[in-house]
Amino acid sequence: MRSPEKVMMSTTDRRAALVDAAIDVIATQGIRALTHRALDTALELPGGSASYYFRTKRALIEAITDWITTRSRDDFTAAELAPSAPIDPDAIAQAIASRLDRLLVERRNHLIVRHALIIDLIGDTELHRRLAHSLFSTERARELFHALDFPDPDAAAANFIAVIEGLVFDRFAGARADVPAGTPDSVDQLAAALSRHLTP
């Protein structure tokens with residue numbers, strides 16, 4: 001007989017499962033498909049379960065934003081992107097490209113949902129700001145361009161993040177969406193586009 005811990009899902013686990021299901025619904029069907037009933041169906045839960053944990057759709061979207069932001073912060077912490085001496089812009093471009101490629105492989109649905117919500121929430125100042133700054137670290141970019149001796153590292157960091165945003169969008173929803181992530185060609189394509197922005 002299985003233990004109660006294995007049979008019963010904790011409140012935290014249930015909320016996490018609902019957030020994951022919500023991300024999958026938006027990524028595959030669009031924001032309009034996100035309803036409490038759709039989540040109950042996706043997880044084979046009794047009717048009303050999703051609304052018990054998330055009373056409103058905004059509460060659910062806040063939880064999605066929190067999860068994407070937390071996961072990104074964890075990625076920042078784990079990433080080894082600090083420049084070493086001597087500083088090699090090509091090596092830095094390759095390292096960042098490898099991280100972006102992993103992002104495209106492991107968190108594609110997060111990327112789709114983040115962009116969909118950024119547009120949908122453009123009138124919601126709080127959530128829009130959190131999502132817009134959730135994927136890449138401006139502080140880490142500033143440190144990089146200080147180390148590279150750029151005359152205006154703050155502006156260079158902002159421009160570089162804009163380039164990265166464009167490259168990632170291009171790869172999951174744009175003209176290069178057919179380039180398979182998780183391949184050397186994918187990393188090389190991203191690195192080539194990044195390297196030209198790493199020299200003063």
# chains A, B, ... in the order shown; residues from 1 in each chain; ligands from 1
$ residues_around --residues "Asp75 of chain A" --least-positions-apart "3" --cutoff "10 Å" --atoms "only C-alpha atoms" --output "ChimeraX atom specification"
/A:69-72,78-80,99,103,135-137
$ write_last_selection --atoms "all heavy atoms" --output "short mmCIF file (atom, residue, chain, number, x, y, z; two decimals), in the first residue's frame"
data_model
loop_
_atom_site.label_atom_id
_atom_site.label_comp_id
_atom_site.auth_asym_id
_atom_site.auth_seq_id
_atom_site.Cartn_x
_atom_site.Cartn_y
_atom_site.Cartn_z
N THR A 69 10.31 34.26 -13.28
CA THR A 69 11.33 35.12 -12.68
C THR A 69 12.26 34.33 -11.77
O THR A 69 13.49 34.49 -11.81
CB THR A 69 10.67 36.26 -11.90
OG1 THR A 69 9.82 37.01 -12.78
CG2 THR A 69 11.71 37.19 -11.31
N THR A 70 11.68 33.47 -10.94
CA THR A 70 12.49 32.66 -10.02
C THR A 70 13.41 31.73 -10.78
O THR A 70 14.59 31.58 -10.46
CB THR A 70 11.58 31.84 -9.09
OG1 THR A 70 10.80 32.74 -8.30
CG2 THR A 70 12.40 30.95 -8.16
N ARG A 71 12.89 31.08 -11.81
CA ARG A 71 13.70 30.16 -12.61
C ARG A 71 14.84 30.91 -13.29
O ARG A 71 15.98 30.42 -13.35
CB ARG A 71 12.82 29.45 -13.63
CG ARG A 71 13.55 28.50 -14.56
CD ARG A 71 14.11 27.29 -13.83
NE ARG A 71 15.01 26.56 -14.69
CZ ARG A 71 14.61 25.64 -15.58
NH1 ARG A 71 13.33 25.34 -15.70
NH2 ARG A 71 15.50 25.00 -16.34
N SER A 72 14.56 32.11 -13.78
CA SER A 72 15.59 32.90 -14.44
C SER A 72 16.67 33.32 -13.45
O SER A 72 17.86 33.28 -13.76
CB SER A 72 14.97 34.13 -15.10
OG SER A 72 14.09 33.76 -16.13
N ALA A 78 23.46 30.14 -11.48
CA ALA A 78 24.19 28.95 -11.90
C ALA A 78 25.14 29.22 -13.07
O ALA A 78 26.13 28.51 -13.26
CB ALA A 78 23.22 27.84 -12.29
N ALA A 79 24.85 30.25 -13.86
CA ALA A 79 25.64 30.51 -15.06
C ALA A 79 27.05 30.97 -14.71
O ALA A 79 27.25 31.79 -13.82
CB ALA A 79 24.95 31.57 -15.92
N GLU A 80 28.02 30.43 -15.42
CA GLU A 80 29.42 30.82 -15.24
C GLU A 80 29.82 31.68 -16.44
O GLU A 80 30.46 31.23 -17.37
CB GLU A 80 30.31 29.58 -15.15
CG GLU A 80 30.03 28.70 -13.94
CD GLU A 80 30.41 29.38 -12.63
OE1 GLU A 80 31.24 30.30 -12.68
OE2 GLU A 80 29.88 28.98 -11.58
N ARG A 99 24.51 29.29 -23.36
CA ARG A 99 23.43 29.44 -22.38
C ARG A 99 22.10 29.72 -23.08
O ARG A 99 21.06 29.18 -22.72
CB ARG A 99 23.75 30.59 -21.42
CG ARG A 99 22.62 30.77 -20.42
CD ARG A 99 22.86 31.89 -19.44
NE ARG A 99 21.67 32.03 -18.63
CZ ARG A 99 20.95 33.14 -18.52
NH1 ARG A 99 21.31 34.20 -19.19
NH2 ARG A 99 19.88 33.18 -17.77
N LEU A 103 18.62 27.58 -23.09
CA LEU A 103 17.33 28.22 -22.80
C LEU A 103 16.29 27.84 -23.85
O LEU A 103 15.14 27.52 -23.52
CB LEU A 103 17.53 29.74 -22.77
CG LEU A 103 16.36 30.62 -22.38
CD1 LEU A 103 15.98 30.39 -20.92
CD2 LEU A 103 16.72 32.09 -22.59
N LEU A 135 14.13 37.81 -17.72
CA LEU A 135 14.88 36.75 -18.40
C LEU A 135 16.38 36.94 -18.39
O LEU A 135 17.13 35.97 -18.31
CB LEU A 135 14.38 36.61 -19.84
CG LEU A 135 14.61 35.26 -20.50
CD1 LEU A 135 13.94 34.15 -19.71
CD2 LEU A 135 14.09 35.27 -21.92
N PHE A 136 16.85 38.18 -18.45
CA PHE A 136 18.28 38.44 -18.52
C PHE A 136 18.68 39.46 -17.46
O PHE A 136 17.91 40.35 -17.14
CB PHE A 136 18.67 38.94 -19.91
CG PHE A 136 18.23 38.02 -21.01
CD1 PHE A 136 17.20 38.38 -21.86
CD2 PHE A 136 18.81 36.77 -21.15
CE1 PHE A 136 16.76 37.51 -22.86
CE2 PHE A 136 18.37 35.89 -22.13
CZ PHE A 136 17.35 36.27 -22.99
N SER A 137 19.88 39.32 -16.93
CA SER A 137 20.34 40.16 -15.83
C SER A 137 21.04 41.41 -16.35
O SER A 137 22.14 41.31 -16.91
CB SER A 137 21.28 39.37 -14.93
OG SER A 137 21.89 40.22 -13.98
#
$ select_by_dssp --residues "chain A" --states "helix (DSSP H, G or I)" --output "NGL selection string"
:A and (4-7 or 11-29 or 31-33 or 36-42 or 49-53 or 57-78 or 89-106 or 108-120 or 125-132 or 138-147 or 153-173 or 184-195)
$ residues_around --residues "segment 172-186 of chain A" --least-positions-apart "3" --cutoff "7 Å" --atoms "only C-alpha atoms" --output "list in words"
Asp101, Arg102, Leu104, Val105, Val168, Phe169, Gln189 and Leu190 of chain A
$ residues_around --residues "Pro153 of chain A" --least-positions-apart "6" --cutoff "10 Å" --atoms "only C-alpha atoms" --output "PyMOL selection string"
chain A and resi 141-147+159+200
$ write_last_selection --atoms "all heavy atoms" --output "mmCIF file, in the first residue's frame"
data_model
loop_
_atom_site.group_PDB
_atom_site.id
_atom_site.type_symbol
_atom_site.label_atom_id
_atom_site.label_comp_id
_atom_site.auth_asym_id
_atom_site.auth_seq_id
_atom_site.Cartn_x
_atom_site.Cartn_y
_atom_site.Cartn_z
ATOM 1 N N ALA A 141 25.089 42.047 -17.176
ATOM 2 C CA ALA A 141 25.542 42.640 -18.440
ATOM 3 C C ALA A 141 26.420 43.863 -18.186
ATOM 4 O O ALA A 141 27.446 44.056 -18.854
ATOM 5 C CB ALA A 141 24.338 43.013 -19.301
ATOM 6 N N ARG A 142 26.049 44.693 -17.206
ATOM 7 C CA ARG A 142 26.880 45.865 -16.888
ATOM 8 C C ARG A 142 28.273 45.445 -16.432
ATOM 9 O O ARG A 142 29.287 46.037 -16.817
ATOM 10 C CB ARG A 142 26.216 46.697 -15.777
ATOM 11 C CG ARG A 142 24.992 47.474 -16.217
ATOM 12 C CD ARG A 142 24.627 48.504 -15.157
ATOM 13 N NE ARG A 142 23.299 49.040 -15.389
ATOM 14 C CZ ARG A 142 22.218 48.734 -14.670
ATOM 15 N NH1 ARG A 142 22.335 47.882 -13.652
ATOM 16 N NH2 ARG A 142 21.052 49.274 -14.947
ATOM 17 N N GLU A 143 28.327 44.418 -15.580
ATOM 18 C CA GLU A 143 29.624 43.914 -15.117
ATOM 19 C C GLU A 143 30.482 43.469 -16.302
ATOM 20 O O GLU A 143 31.695 43.721 -16.335
ATOM 21 C CB GLU A 143 29.417 42.750 -14.156
ATOM 22 C CG GLU A 143 28.783 43.141 -12.827
ATOM 23 C CD GLU A 143 28.406 41.936 -11.994
ATOM 24 O OE1 GLU A 143 28.597 40.790 -12.475
ATOM 25 O OE2 GLU A 143 27.911 42.118 -10.864
ATOM 26 N N LEU A 144 29.851 42.807 -17.251
ATOM 27 C CA LEU A 144 30.576 42.323 -18.424
ATOM 28 C C LEU A 144 31.170 43.486 -19.206
ATOM 29 O O LEU A 144 32.359 43.468 -19.559
ATOM 30 C CB LEU A 144 29.625 41.513 -19.316
ATOM 31 C CG LEU A 144 30.156 41.116 -20.695
ATOM 32 C CD1 LEU A 144 31.377 40.211 -20.558
ATOM 33 C CD2 LEU A 144 29.062 40.424 -21.504
ATOM 34 N N PHE A 145 30.373 44.533 -19.457
ATOM 35 C CA PHE A 145 30.863 45.629 -20.294
ATOM 36 C C PHE A 145 31.823 46.551 -19.536
ATOM 37 O O PHE A 145 32.650 47.213 -20.162
ATOM 38 C CB PHE A 145 29.688 46.382 -20.920
ATOM 39 C CG PHE A 145 29.054 45.603 -22.034
ATOM 40 C CD1 PHE A 145 27.900 44.863 -21.813
ATOM 41 C CD2 PHE A 145 29.641 45.559 -23.282
ATOM 42 C CE1 PHE A 145 27.325 44.104 -22.824
ATOM 43 C CE2 PHE A 145 29.095 44.811 -24.306
ATOM 44 C CZ PHE A 145 27.936 44.080 -24.076
ATOM 45 N N HIS A 146 31.734 46.568 -18.221
ATOM 46 C CA HIS A 146 32.787 47.233 -17.435
ATOM 47 C C HIS A 146 34.101 46.491 -17.649
ATOM 48 O O HIS A 146 35.153 47.105 -17.873
ATOM 49 C CB HIS A 146 32.431 47.231 -15.950
ATOM 50 C CG HIS A 146 31.613 48.410 -15.517
ATOM 51 N ND1 HIS A 146 32.116 49.695 -15.487
ATOM 52 C CD2 HIS A 146 30.321 48.483 -15.100
ATOM 53 C CE1 HIS A 146 31.173 50.515 -15.064
ATOM 54 N NE2 HIS A 146 30.071 49.817 -14.820
ATOM 55 N N ALA A 147 34.060 45.167 -17.562
ATOM 56 C CA ALA A 147 35.272 44.357 -17.724
ATOM 57 C C ALA A 147 35.845 44.487 -19.129
ATOM 58 O O ALA A 147 37.062 44.387 -19.328
ATOM 59 C CB ALA A 147 34.972 42.894 -17.415
ATOM 60 N N ASN A 159 21.866 47.833 -24.634
ATOM 61 C CA ASN A 159 21.819 47.471 -26.055
ATOM 62 C C ASN A 159 22.038 45.973 -26.254
ATOM 63 O O ASN A 159 21.383 45.346 -27.094
ATOM 64 C CB ASN A 159 22.883 48.255 -26.833
ATOM 65 C CG ASN A 159 22.563 49.729 -26.930
ATOM 66 O OD1 ASN A 159 21.403 50.132 -26.795
ATOM 67 N ND2 ASN A 159 23.577 50.547 -27.143
ATOM 68 N N PRO A 200 34.569 47.131 -28.121
ATOM 69 C CA PRO A 200 34.306 48.591 -28.063
ATOM 70 C C PRO A 200 34.540 49.265 -29.404
ATOM 71 O O PRO A 200 35.391 48.844 -30.180
ATOM 72 C CB PRO A 200 35.300 49.087 -27.007
ATOM 73 C CG PRO A 200 35.690 47.893 -26.219
ATOM 74 C CD PRO A 200 35.596 46.717 -27.161
#
$ residues_around --residues "Asp188 of chain A" --least-positions-apart "4" --cutoff "9 Å" --atoms "only C-alpha atoms" --output "list in words"
Gln94, Ala97, Ser98, Thr183, Pro184, Ala192 and Ala193 of chain A
$ write_last_selection --atoms "all heavy atoms" --output "compact mmCIF listing (two decimals), in the first residue's frame"
# COMPACT_ATOMS: atom_id res chain seq x y z
N GLN A 94 30.66 32.85 -27.14
CA GLN A 94 30.38 31.42 -27.21
C GLN A 94 29.69 30.94 -25.93
O GLN A 94 28.75 30.14 -25.98
CB GLN A 94 31.67 30.65 -27.44
CG GLN A 94 31.50 29.22 -27.93
CD GLN A 94 31.06 29.15 -29.39
OE1 GLN A 94 31.26 30.11 -30.15
NE2 GLN A 94 30.47 28.05 -29.78
N ALA A 97 26.16 32.28 -25.91
CA ALA A 97 25.40 31.56 -26.93
C ALA A 97 25.02 30.17 -26.45
O ALA A 97 23.90 29.70 -26.69
CB ALA A 97 26.20 31.48 -28.23
N SER A 98 25.92 29.51 -25.75
CA SER A 98 25.61 28.18 -25.22
C SER A 98 24.48 28.25 -24.20
O SER A 98 23.59 27.39 -24.18
CB SER A 98 26.85 27.57 -24.56
OG SER A 98 27.86 27.33 -25.52
N THR A 183 22.13 22.18 -30.92
CA THR A 183 23.11 21.72 -31.91
C THR A 183 24.27 22.71 -31.97
O THR A 183 24.12 23.89 -31.63
CB THR A 183 22.48 21.61 -33.31
OG1 THR A 183 22.11 22.93 -33.76
CG2 THR A 183 21.24 20.72 -33.28
N PRO A 184 25.45 22.25 -32.44
CA PRO A 184 26.57 23.18 -32.61
C PRO A 184 26.24 24.33 -33.56
O PRO A 184 26.67 25.46 -33.33
CB PRO A 184 27.67 22.28 -33.19
CG PRO A 184 27.35 20.91 -32.68
CD PRO A 184 25.85 20.84 -32.68
N ALA A 192 27.95 34.07 -33.34
CA ALA A 192 28.37 34.98 -34.41
C ALA A 192 27.63 36.31 -34.32
O ALA A 192 28.20 37.39 -34.53
CB ALA A 192 28.13 34.33 -35.77
N ALA A 193 26.34 36.25 -33.98
CA ALA A 193 25.55 37.47 -33.87
C ALA A 193 25.95 38.27 -32.63
O ALA A 193 25.90 39.50 -32.64
CB ALA A 193 24.06 37.12 -33.82
$ closest_residue --among "A:Arg129, A:Leu198, A:Arg107, A:Gly123" --to "Ala157 of chain A" --atoms "only C-alpha atoms"
A:Leu198
$ closest_atom_pairs --of "segment 74-151 of chain A" --to "segment 28-39 of chain A" --cutoff "10 Å" --atoms "only C-alpha atoms" --output "tab-separated table"
residue	atom	partner	partner_atom	distance
A:Asn109	CA	A:Thr28	CA	8.3
A:Ile112	CA	A:Thr28	CA	9.0
A:Val113	CA	A:Ile31	CA	8.3
A:Ala116	CA	A:Ile31	CA	7.3
A:Leu117	CA	A:Ile31	CA	7.8
A:Asp120	CA	A:Ile31	CA	8.3
$ atom_distance --atom1 "atom CA of Tyr53 of chain A" --atom2 "atom CA of Thr11 of chain A"
8.2 Å
$ atom_distance --atom1 "atom CA of Ala158 of chain A" --atom2 "atom CA of Ser195 of chain A"
15.7 Å
$ closest_residue --among "A:Ile87, A:Ala21, A:Val187, A:Ala93" --to "His110 of chain A" --atoms "only C-alpha atoms"
A:Ala21
